[in-house]
file model30.txt (compact mmCIF, C-alpha atoms)
# COMPACT_ATOMS: atom_id res chain seq x y z
CA MET A 1 5.99 24.28 17.01
CA ASP A 2 9.43 23.00 17.98
CA TYR A 3 12.50 23.79 15.87
CA ILE A 4 15.30 21.25 15.47
CA ASN A 5 18.71 21.88 13.91
CA SER A 6 20.79 18.96 15.19
CA LEU A 7 21.32 15.59 13.55
CA GLU A 8 22.05 14.24 17.03
CA ASN A 9 18.56 15.04 18.24
CA ASN A 10 16.84 11.85 19.44
CA THR A 11 13.64 12.61 17.54
CA ILE A 12 15.57 13.01 14.28
CA LYS A 13 17.49 9.77 14.91
CA LYS A 14 14.19 7.95 15.52
CA ILE A 15 12.65 9.29 12.30
CA LYS A 16 15.70 8.33 10.23
CA LYS A 17 15.52 4.78 11.58
CA LEU A 18 11.98 4.45 10.21
CA LYS A 19 13.50 4.14 6.75
CA ILE A 20 14.49 0.60 7.78
CA LYS A 21 11.83 -2.11 7.98
CA LYS A 22 13.15 -3.54 11.26
CA TYR A 23 12.71 -0.23 13.06
CA ARG A 24 9.35 0.49 11.46
CA GLU A 25 8.11 -2.79 12.90
CA GLU A 26 9.64 -2.07 16.31
CA GLU A 27 8.12 1.40 16.52
CA GLN A 28 4.94 0.55 14.58
CA LEU A 29 5.38 3.81 12.68
CA PHE A 30 5.95 4.71 9.04
CA ILE A 31 6.88 7.74 6.94
CA ALA A 32 4.61 9.49 4.43
CA GLU A 33 5.76 12.52 2.49
CA GLY A 34 3.82 15.24 0.70
CA ARG A 35 1.21 17.95 1.28
CA LYS A 36 -1.65 15.62 0.33
CA PHE A 37 -1.27 13.78 3.63
CA LEU A 38 -2.42 16.90 5.47
CA ASP A 39 -5.84 16.36 3.88
CA PHE A 40 -6.50 12.92 5.37
CA GLU A 41 -8.37 12.33 8.61
CA PHE A 42 -6.03 9.51 9.68
CA VAL A 43 -4.33 10.87 12.82
CA PRO A 44 -0.53 11.18 12.58
CA GLU A 45 2.06 10.64 15.26
CA MET A 46 4.08 13.65 14.15
CA LEU A 47 4.20 16.39 11.51
CA ILE A 48 7.54 17.66 10.19
CA PHE A 49 8.01 20.80 8.10
CA HIS A 50 11.02 22.20 6.26
CA GLU A 51 12.06 25.52 7.77
CA ASP A 52 11.17 27.32 4.53
CA TYR A 53 7.73 25.75 4.22
CA THR A 54 5.06 28.45 4.29
CA ILE A 55 2.27 27.59 6.69
CA THR A 56 -0.70 29.50 5.34
CA ASP A 57 -3.96 29.99 7.24
CA GLU A 58 -5.42 27.10 5.24
CA ILE A 59 -2.54 24.80 6.15
CA GLN A 60 -2.73 25.90 9.78
CA LYS A 61 -6.40 24.87 9.92
CA LYS A 62 -5.46 21.46 8.58
CA ILE A 63 -2.69 20.81 11.06
CA ASP A 64 -4.71 22.18 13.99
CA ARG A 65 -7.05 19.18 13.57
CA PHE A 66 -4.34 16.91 14.89
CA GLN A 67 -3.23 16.69 18.50
CA CYS A 68 0.26 15.45 17.69
CA ARG A 69 3.77 16.77 17.87
CA LYS A 70 4.64 19.31 15.17
CA ILE A 71 8.23 20.24 14.41
CA GLN A 72 10.12 22.45 12.00
CA VAL A 73 13.59 21.38 10.93
CA SER A 74 16.53 23.02 9.20
CA ASP A 75 17.41 22.33 5.58
CA LYS A 76 20.30 20.04 6.54
CA ILE A 77 17.98 17.97 8.74
CA PHE A 78 15.18 17.80 6.20
CA SER A 79 17.58 16.64 3.49
CA GLN A 80 18.40 13.65 5.71
CA LEU A 81 14.72 12.78 6.17
CA THR A 82 13.27 13.28 2.71
CA SER A 83 13.29 10.56 0.07
CA GLN A 84 12.28 12.88 -2.77
CA GLU A 85 14.45 15.04 -5.01
CA ASN A 86 11.84 17.79 -5.20
CA SER A 87 10.21 17.54 -1.82
CA GLN A 88 7.14 19.59 -0.95
CA GLY A 89 8.56 20.18 2.52
CA VAL A 90 6.09 18.09 4.52
CA ILE A 91 6.71 14.73 6.18
CA VAL A 92 4.10 12.88 8.21
CA ILE A 93 4.83 10.07 10.66
CA TYR A 94 1.87 7.71 11.00
CA PRO A 95 1.11 4.76 13.28
CA MET A 96 0.85 1.54 11.30
CA LYS A 97 -2.66 0.29 10.60
CA LYS A 98 -3.10 -3.29 11.78
CA GLY A 99 -4.73 -5.60 9.25
CA ASP A 100 -7.77 -7.56 10.42
CA LEU A 101 -8.86 -10.87 8.88
CA SER A 102 -12.20 -10.70 10.67
CA ILE A 103 -13.46 -7.76 8.61
CA LEU A 104 -12.65 -9.00 5.09
CA ASN A 105 -15.14 -8.18 2.36
CA ASP A 106 -16.46 -10.73 -0.13
CA ASN A 107 -14.10 -9.59 -2.89
CA ILE A 108 -10.41 -9.29 -2.07
CA VAL A 109 -7.03 -8.90 -3.75
CA VAL A 110 -4.24 -11.41 -3.10
CA LEU A 111 -0.62 -10.69 -4.03
CA ASP A 112 2.01 -13.42 -4.18
CA LYS A 113 5.54 -12.20 -3.46
CA ILE A 114 5.21 -8.80 -5.10
CA GLY A 115 8.70 -7.35 -4.94
CA ASP A 116 8.63 -3.89 -6.50
CA PRO A 117 7.58 -1.05 -4.14
CA GLY A 118 6.23 1.12 -6.96
CA ASN A 119 4.09 -1.73 -8.26
CA LEU A 120 2.66 -2.47 -4.83
CA GLY A 121 1.85 1.18 -4.22
CA THR A 122 0.11 1.44 -7.58
CA ILE A 123 -1.84 -1.78 -6.94
CA ILE A 124 -3.01 -0.40 -3.58
CA ARG A 125 -4.13 2.78 -5.32
CA VAL A 126 -5.98 1.03 -8.15
CA ALA A 127 -7.60 -1.46 -5.75
CA ASP A 128 -8.85 1.42 -3.63
CA ALA A 129 -10.15 3.21 -6.73
CA GLY A 130 -11.95 0.04 -7.80
CA GLY A 131 -13.68 -0.37 -4.46
CA PHE A 132 -11.54 -3.22 -3.10
CA LYS A 133 -10.62 -2.62 0.52
CA ASP A 134 -8.65 -5.76 1.43
CA ILE A 135 -5.23 -6.89 0.21
CA LEU A 136 -3.63 -10.13 1.43
CA LEU A 137 0.04 -10.69 0.63
CA THR A 138 2.27 -13.71 0.98
CA LYS A 139 5.19 -13.16 3.29
CA GLY A 140 8.24 -12.36 1.22
CA SER A 141 6.42 -9.56 -0.57
CA VAL A 142 7.77 -6.02 -0.22
CA ASP A 143 6.85 -4.18 2.98
CA CYS A 144 3.76 -2.06 2.34
CA TRP A 145 5.05 0.62 4.75
CA ASN A 146 8.14 1.20 2.62
CA GLU A 147 8.32 4.91 1.69
CA LYS A 148 8.16 4.16 -2.05
CA VAL A 149 5.03 2.04 -1.58
CA VAL A 150 3.36 4.73 0.52
CA ARG A 151 4.24 7.42 -2.02
CA SER A 152 3.04 5.36 -5.00
CA SER A 153 -0.24 4.60 -3.25
CA MET A 154 -1.02 8.34 -3.21
CA GLY A 155 -2.55 7.98 0.24
CA SER A 156 -4.75 4.99 -0.59
CA ILE A 157 -2.73 2.87 1.83
CA LEU A 158 -4.57 4.70 4.63
CA ASN A 159 -7.87 3.33 3.32
CA MET A 160 -6.87 -0.33 3.00
CA ASN A 161 -6.94 -3.44 5.17
CA ILE A 162 -3.55 -5.07 4.43
CA ILE A 163 -2.44 -8.40 5.87
CA TYR A 164 0.67 -10.59 5.38
CA LEU A 165 0.37 -14.38 5.71
CA GLU A 166 2.48 -17.42 4.93
CA GLU A 167 1.45 -19.00 1.63
CA GLU A 168 -0.15 -22.14 3.10
CA GLU A 169 -1.84 -20.15 5.83
CA LEU A 170 -3.30 -17.81 3.22
CA ILE A 171 -4.51 -20.63 0.98
CA SER A 172 -6.08 -22.48 3.90
CA PHE A 173 -7.85 -19.32 4.96
CA LEU A 174 -9.27 -18.70 1.49
CA LYS A 175 -10.52 -22.28 1.26
CA GLU A 176 -12.02 -22.22 4.74
CA LYS A 177 -13.87 -18.97 4.09
CA GLY A 178 -15.17 -20.11 0.71
CA TYR A 179 -13.37 -17.71 -1.59
CA LYS A 180 -13.29 -18.61 -5.27
CA MET A 181 -9.66 -18.28 -6.35
CA GLU A 182 -9.19 -16.43 -9.64
CA VAL A 183 -5.47 -16.71 -10.41
CA THR A 184 -3.70 -14.72 -13.11
CA ALA A 185 -1.35 -17.04 -15.00
CA LEU A 186 0.29 -17.65 -18.35
CA ASP A 187 -1.00 -21.19 -18.56
CA LYS A 188 -2.41 -23.30 -21.39
CA THR A 189 -5.63 -23.75 -19.40
CA SER A 190 -6.07 -20.02 -18.74
CA ILE A 191 -9.18 -18.25 -19.99
CA GLU A 192 -9.43 -14.62 -21.03
CA TYR A 193 -10.15 -12.41 -18.03
CA THR A 194 -13.34 -11.15 -19.67
CA GLU A 195 -14.76 -14.67 -19.41
CA MET A 196 -14.15 -15.20 -15.69
CA SER A 197 -17.00 -16.65 -13.68
CA LEU A 198 -17.19 -15.04 -10.25
CA GLY A 199 -18.67 -16.61 -7.15
CA GLU A 200 -20.29 -15.15 -4.05
CA LYS A 201 -16.82 -14.55 -2.59
CA ASN A 202 -13.78 -13.97 -4.79
CA ALA A 203 -10.03 -13.68 -4.30
CA ILE A 204 -8.31 -12.17 -7.35
CA ILE A 205 -4.71 -13.38 -7.19
CA PHE A 206 -1.70 -11.77 -8.85
CA GLY A 207 1.89 -13.00 -8.91
CA SER A 208 5.30 -11.41 -8.72
CA GLU A 209 6.69 -9.31 -11.55
CA GLY A 210 9.21 -11.88 -12.71
CA ASN A 211 7.83 -15.26 -11.71
CA GLY A 212 4.07 -14.93 -11.57
CA VAL A 213 2.07 -16.85 -8.98
CA SER A 214 3.59 -19.86 -7.24
CA GLN A 215 2.93 -23.42 -8.35
CA ARG A 216 0.87 -23.89 -5.20
CA PHE A 217 -1.56 -21.13 -6.18
CA LEU A 218 -1.86 -22.66 -9.65
CA GLU A 219 -2.75 -25.99 -8.08
CA VAL A 220 -5.55 -24.59 -5.90
CA SER A 221 -6.95 -22.10 -8.42
CA ASP A 222 -10.62 -22.31 -9.42
CA GLU A 223 -9.93 -20.41 -12.64
CA LYS A 224 -6.77 -19.19 -14.32
CA LEU A 225 -7.00 -15.84 -16.06
CA ILE A 226 -4.98 -14.26 -18.84
CA ILE A 227 -4.99 -10.84 -20.47
CA PRO A 228 -4.50 -11.29 -24.22
CA ILE A 229 -1.67 -9.38 -25.89
CA TYR A 230 -2.70 -7.99 -29.29
CA GLY A 231 0.51 -6.14 -30.07
CA ILE A 232 4.16 -7.17 -29.86
CA ALA A 233 4.75 -6.41 -26.17
CA GLU A 234 5.82 -9.52 -24.27
CA SER A 235 3.78 -8.80 -21.16
CA LEU A 236 2.05 -6.22 -18.98
CA ASN A 237 3.34 -4.68 -15.77
CA VAL A 238 1.64 -6.43 -12.82
CA ALA A 239 0.11 -3.18 -11.57
CA MET A 240 -1.38 -2.49 -14.99
CA ALA A 241 -2.69 -6.05 -15.23
CA CYS A 242 -4.17 -5.66 -11.79
CA GLY A 243 -6.01 -2.51 -12.84
CA ILE A 244 -7.46 -4.14 -15.95
CA ILE A 245 -8.69 -7.25 -14.14
CA LEU A 246 -9.96 -5.52 -11.01
CA TYR A 247 -12.02 -3.07 -13.03
CA LYS A 248 -13.46 -5.93 -15.08
CA THR A 249 -14.24 -7.70 -11.82
CA ARG A 250 -16.02 -4.58 -10.58
CA GLU A 251 -17.96 -4.36 -13.84
CA ILE A 252 -19.13 -7.98 -13.52
CA LEU A 253 -19.99 -7.55 -9.85
CA GLY A 254 -21.94 -4.41 -10.66
CA ALA A 255 -23.90 -6.27 -13.33
CA LYS A 256 -24.63 -9.09 -10.86
CA ASN A 257 -25.82 -6.65 -8.20

call {"tool": "encode", "arguments": {"input": "model30.txt", "output": "structure tokens"}}
result
Amino acid sequence: MDYINSLENNTIKKIKKLKIKKYREEEQLFIAEGRKFLDFEFVPEMLIFHEDYTITDEIQKKIDRFQCRKIQVSDKIFSQLTSQENSQGVIVIYPMKKGDLSILNDNIVVLDKIGDPGNLGTIIRVADAGGFKDILLTKGSVDCWNEKVVRSSMGSILNMNIIYLEEEELISFLKEKGYKMEVTALDKTSIEYTEMSLGEKNAIIFGSEGNGVSQRFLEVSDEKLIIPIYGIAESLNVAMACGIILYKTREILGAKN
């Protein structure tokens, strides 16, 4: 395992650049941080350890599975690379997974200009937990390879097929492939989510935290869904709403199957 103690090292400079979307896209690499990523089978590009991180026999077996570069860095270097206040001392550099429209399942999640990284990461996690493997986002949404998104997804991002499309391109695709569009919206014509009527293929569509779905999605929707508020809260966080509706969708699909 190599040891690096210079901020001028080219490898360190390359890793630091991955904190910026432009360079992530150029290199087709992203940063994931935490011990849990040593448990996944997804093959990393590089493993980075804090100099004080104890590599036990168990950890050694995990990292020996991967034929990638492994480096140990000094505290001053690691502090430049970590995005966490209480880091576990492990950073993994992964190649980006390319989304593939040709392998979409019959039930997918669509996100319209989701802006908050924590929300997107949580949505990825809850979609994965609910058995949804495909997420389509309109361009303008936050980058899914952002460190905060990756961290909030708790590793689920490695399990998902994620694709960004322009709004009209996305809508045309859904229509062409015969997806019923279930759009979450605060609209006078909305029905309670428990009453939704699913088709053979379904796209469950959620809007941004502040503005909801676009007018265009409202126009093309097959059904508009709402989660009733019984207390005095004004609204639900989009990730929470996503969890409620996706699990109800899974319940209905399970009953149908």

call {"tool": "closest_residue", "arguments": {"input": "model30.txt", "among": "A:Tyr247, A:Phe132, A:Trp145, A:Phe78", "to": "A:Asp106", "atoms": "all atoms listed in the file"}}
result
A:Phe132

call {"tool": "residues_around", "arguments": {"input": "model30.txt", "residues": "A:Leu7", "least_positions_apart": "5", "cutoff": "9 Å", "atoms": "all atoms listed in the file", "output": "PyMOL selection string"}}
result
chain A and resi 12-13+76-77+80

call {"tool": "residues_around", "arguments": {"input": "model30.txt", "residues": "A:Leu29", "least_positions_apart": "3", "cutoff": "10 Å", "atoms": "all atoms listed in the file", "output": "PyMOL selection string"}}
result
chain A and resi 15+18+21+23-26+44-45+93-97+145

call {"tool": "residues_around", "arguments": {"input": "model30.txt", "residues": "A:Glu147", "least_positions_apart": "5", "cutoff": "12 Å", "atoms": "all atoms listed in the file", "output": "NGL selection string"}}
result
:A and (16 or 18-21 or 24 or 29-34 or 81-84 or 91-94 or 117-118 or 120-121 or 142 or 152-155 or 157)

call {"tool": "residues_around", "arguments": {"input": "model30.txt", "residues": "stretch 211-220 of chain A", "least_positions_apart": "4", "cutoff": "10 Å", "atoms": "all atoms listed in the file", "output": "list in words"}}
result
Leu111, Asp112, Lys113, Ile114, Glu167, Glu168, Ile171, Lys175, Lys180, Met181, Glu182, Val183, Thr184, Ala185, Leu186, Asp187, Ile205, Phe206, Gly207, Lys224 and Val238 of chain A

call {"tool": "closest_residue", "arguments": {"input": "model30.txt", "among": "A:Ile71, A:Leu198, A:Ile124, A:Ile191", "to": "A:Ile162", "atoms": "only C-alpha atoms"}}
result
A:Ile124

call {"tool": "residues_near_point", "arguments": {"input": "model30.txt", "point": "(-12.8, -1.2, -15.3)", "cutoff": "12 Å", "atoms": "only C-alpha atoms", "output": "list in words"}}
result
Val126, Ala127, Ala129, Gly130, Gly131, Tyr193, Thr194, Met240, Ala241, Cys242, Gly243, Ile244, Ile245, Leu246, Tyr247, Lys248, Thr249, Arg250, Glu251, Ile252, Leu253 and Gly254 of chain A

call {"tool": "atom_distance", "arguments": {"input": "model30.txt", "atom1": "atom CA of A:Leu38", "atom2": "atom CA of A:Asn161"}}
result
20.8 Å

call {"tool": "axis_aligned_box", "arguments": {"input": "model30.txt", "around": "stretch 17-29 of chain A", "padding_each_side": "8 Å", "output": "lines of an AutoDock Vina configuration file"}}
result
center_x = 10.2
center_y = 0.6
center_z = 11.6
size_x = 26.6
size_y = 24.3
size_z = 25.8

call {"tool": "atom_distance", "arguments": {"input": "model30.txt", "atom1": "atom CA of A:Lys70", "atom2": "atom CA of A:Asp2"}}
result
6.7 Å

call {"tool": "closest_residue", "arguments": {"input": "model30.txt", "among": "A:Glu209, A:Asp52, A:Glu58, A:Asp64", "to": "A:Gly115", "atoms": "only C-alpha atoms"}}
result
A:Glu209

call {"tool": "atom_distance", "arguments": {"input": "model30.txt", "atom1": "atom CA of A:Asn9", "atom2": "atom CA of A:Glu27"}}
result
17.3 Å

call {"tool": "closest_residue", "arguments": {"input": "model30.txt", "among": "A:Ser141, A:Phe40, A:Lys177, A:Gln28", "to": "A:Ser156", "atoms": "only C-alpha atoms"}}
result
A:Phe40

call {"tool": "residues_near_point", "arguments": {"input": "model30.txt", "point": "(-8.1, -2.2, 4.4)", "cutoff": "7 Å", "atoms": "only C-alpha atoms", "output": "list in words"}}
result
Gly99, Lys133, Asp134, Ile135, Asn159, Met160, Asn161 and Ile162 of chain A
